[in-house]
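Below is one structure, written out as structure tokens; the observations come after it.
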Amino acid sequence: MELLNLTTSNSVRPSRAEPFIKWAGGKQALLAQILPLFPSDFECYYEPFVGGGSVFFALNHSRAFVNDENGWLIDTYQALRDNFKAVARELDKLPNTKEDFLRVREVDPSSLSVEKRAASFIFLNKTCFRGLFRVNKKGQFNVPYGEYQRRYYSIENLAAVSKALKQVKFSTGDFEDCLVDVTRNDFVYFDPPYYKVGGFSDFNRYTAGQFREPQHLRLASLCNELDDKGVRWAVSNSDTPFIREIFKGYRLETIHARREINLNSQNRDIKELLVLNY
């Protein structure tokens, strides 16, 4: 298969950054419903489950702290921030064939340079089945090949992504740990793996562990603590009796969504919740 001609130029004009990967549960299609509900007067933006970064890039806030438990994902953000052209050059070396996909999938990302690690992440995301990121209990990427003919990246967008990330602070780990310095002048947006509603909506293996009922209860408890401190926050989650119960007393906004990851087309139109404490 012929390699896509995506070589970089010496002068790249950044535009507004958009997500450079596809992410299950991404908010790109919901921004028009979500963003108008966010406050506009905050100093630092915190996103403990950054994922594909749709909300982060759309907000384009001057100060931000983003976290994710998926270390490979955060490494990719940092590599693009520091040297997006090097990442692009590595992507240009990866042909879109099943054989190459399986070869890249078998490589331990920790054994690669940071630029190659980022390129592998983007390549696998763009060529795997439905753009999923799923790992087994050992933390190994295990999504099958997707048979897609699509560009891995836009050099203009990678330039914009790099620029948007220049002033961002990153962390990898538990969602609570990145909020130790949050103040009442900041704003926190939580977009955790959703509480299960059945079928493909149960998909939540972004890391070797899983996000289940105890983790949702811990998140709700953290939100209560932040509310007591006067910190404003918003939480996206599934519209289920469980989520409504653990966030009882807070403002609940219905968000209309469509999840293409669901193989049953009749179940793709769903309702979600945006929980707000302001």
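The way I read the labels, and the way they are meant: chains A, B, ... in the order of the structure tokens, residue 1 as the first residue of every chain, and ligand 1 as the first ligand shown, with later ones counted on from there.
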| task | Name the residues in contact with A:Phe42 at a cut-off of 10 Å, using only C-alpha atoms, excluding same-chain residues fewer than 3 positions from it; report them as a ChimeraX atom specification. | result | /A:38-39,45,61,63,183-188,232
Write a file of the selected residues as a PDB file, in the first residue's frame, keeping C-alpha atoms.
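Okay, this is what ended up in selection-v3.pdb:
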```
ATOM      1  CA  PHE A  38     -19.837  26.668  31.559  1.00  0.00           C
ATOM      2  CA  PRO A  39     -18.806  29.761  33.532  1.00  0.00           C
ATOM      3  CA  TYR A  45      -9.296  25.224  33.829  1.00  0.00           C
ATOM      4  CA  HIS A  61      -8.315  28.778  27.980  1.00  0.00           C
ATOM      5  CA  ARG A  63      -4.335  28.478  31.835  1.00  0.00           C
ATOM      6  CA  THR A 183      -9.080  27.169  44.198  1.00  0.00           C
ATOM      7  CA  ARG A 184     -12.520  28.759  44.259  1.00  0.00           C
ATOM      8  CA  ASN A 185     -11.400  30.938  41.326  1.00  0.00           C
ATOM      9  CA  ASP A 186     -10.924  27.899  39.066  1.00  0.00           C
ATOM     10  CA  PHE A 187     -13.280  25.627  37.131  1.00  0.00           C
ATOM     11  CA  VAL A 188     -13.199  21.825  36.914  1.00  0.00           C
ATOM     12  CA  ARG A 232     -17.214  25.397  40.553  1.00  0.00           C
TER      13      ARG A 232
END
```
Show me, as a ChimeraX atom specification, the residues that have an atom within 10 Å of A:Ile21 when counting only C-alpha atoms, minus same-chain residues fewer than 5 positions from it.
/A:26,51-54,73,121-126,131-132,152-153
Take the residues from that selection and put them in a file with N, CA and C atoms, as an mmCIF file, in the first residue's frame.
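See out_6.cif below for the written result:
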```cif
data_model
loop_
_atom_site.group_PDB
_atom_site.id
_atom_site.type_symbol
_atom_site.label_atom_id
_atom_site.label_comp_id
_atom_site.auth_asym_id
_atom_site.auth_seq_id
_atom_site.Cartn_x
_atom_site.Cartn_y
_atom_site.Cartn_z
ATOM 1 N N GLY A 26 -16.165 11.029 23.269
ATOM 2 C CA GLY A 26 -15.694 12.381 22.990
ATOM 3 C C GLY A 26 -16.851 13.362 22.858
ATOM 4 N N GLY A 51 -8.944 12.723 28.028
ATOM 5 C CA GLY A 51 -9.308 11.938 26.844
ATOM 6 C C GLY A 51 -8.836 12.605 25.564
ATOM 7 N N GLY A 52 -9.737 12.722 24.588
ATOM 8 C CA GLY A 52 -9.394 13.321 23.303
ATOM 9 C C GLY A 52 -9.303 14.825 23.316
ATOM 10 N N GLY A 53 -9.720 15.461 24.407
ATOM 11 C CA GLY A 53 -9.517 16.893 24.561
ATOM 12 C C GLY A 53 -10.482 17.803 23.836
ATOM 13 N N SER A 54 -11.650 17.314 23.427
ATOM 14 C CA SER A 54 -12.584 18.154 22.676
ATOM 15 C C SER A 54 -12.947 19.421 23.426
ATOM 16 N N LEU A 73 -1.419 8.295 26.628
ATOM 17 C CA LEU A 73 -2.132 9.449 26.093
ATOM 18 C C LEU A 73 -1.451 10.751 26.511
ATOM 19 N N PHE A 121 0.737 5.847 19.117
ATOM 20 C CA PHE A 121 -0.583 6.061 19.711
ATOM 21 C C PHE A 121 -1.555 6.602 18.665
ATOM 22 N N ILE A 122 -1.148 7.642 17.943
ATOM 23 C CA ILE A 122 -2.025 8.256 16.937
ATOM 24 C C ILE A 122 -2.304 7.276 15.804
ATOM 25 N N PHE A 123 -1.283 6.581 15.345
ATOM 26 C CA PHE A 123 -1.434 5.609 14.251
ATOM 27 C C PHE A 123 -2.433 4.511 14.610
ATOM 28 N N LEU A 124 -2.279 3.931 15.803
ATOM 29 C CA LEU A 124 -3.194 2.865 16.221
ATOM 30 C C LEU A 124 -4.615 3.397 16.367
ATOM 31 N N ASN A 125 -4.760 4.599 16.900
ATOM 32 C CA ASN A 125 -6.085 5.197 17.067
ATOM 33 C C ASN A 125 -6.762 5.430 15.717
ATOM 34 N N LYS A 126 -5.997 5.872 14.733
ATOM 35 C CA LYS A 126 -6.576 6.211 13.430
ATOM 36 C C LYS A 126 -6.826 4.994 12.547
ATOM 37 N N GLY A 131 -11.806 3.506 16.068
ATOM 38 C CA GLY A 131 -11.046 4.475 16.836
ATOM 39 C C GLY A 131 -11.107 4.272 18.331
ATOM 40 N N LEU A 132 -11.303 3.048 18.770
ATOM 41 C CA LEU A 132 -11.368 2.763 20.206
ATOM 42 C C LEU A 132 -9.979 2.779 20.833
ATOM 43 N N TYR A 152 -3.773 10.159 8.878
ATOM 44 C CA TYR A 152 -3.459 10.011 10.292
ATOM 45 C C TYR A 152 -3.504 11.357 11.006
ATOM 46 N N TYR A 153 -3.199 12.410 10.272
ATOM 47 C CA TYR A 153 -3.091 13.706 10.917
ATOM 48 C C TYR A 153 -3.117 14.813 9.873
#
```
Exercise. Near A:Ala88, within 8 Å and counting only C-alpha atoms, which residues show up once chain neighbours fewer than 2 positions away are dropped, as a list in words?
Worked result: Thr7, Thr8, Phe84, Lys85, Ala86, Glu90, Leu91, Asp92, Ala119, Tyr153 and Ile155 of chain A
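Counting from atom CA of A:Phe101, the distance to atom CA of A:Tyr145 is 6.7 Å.
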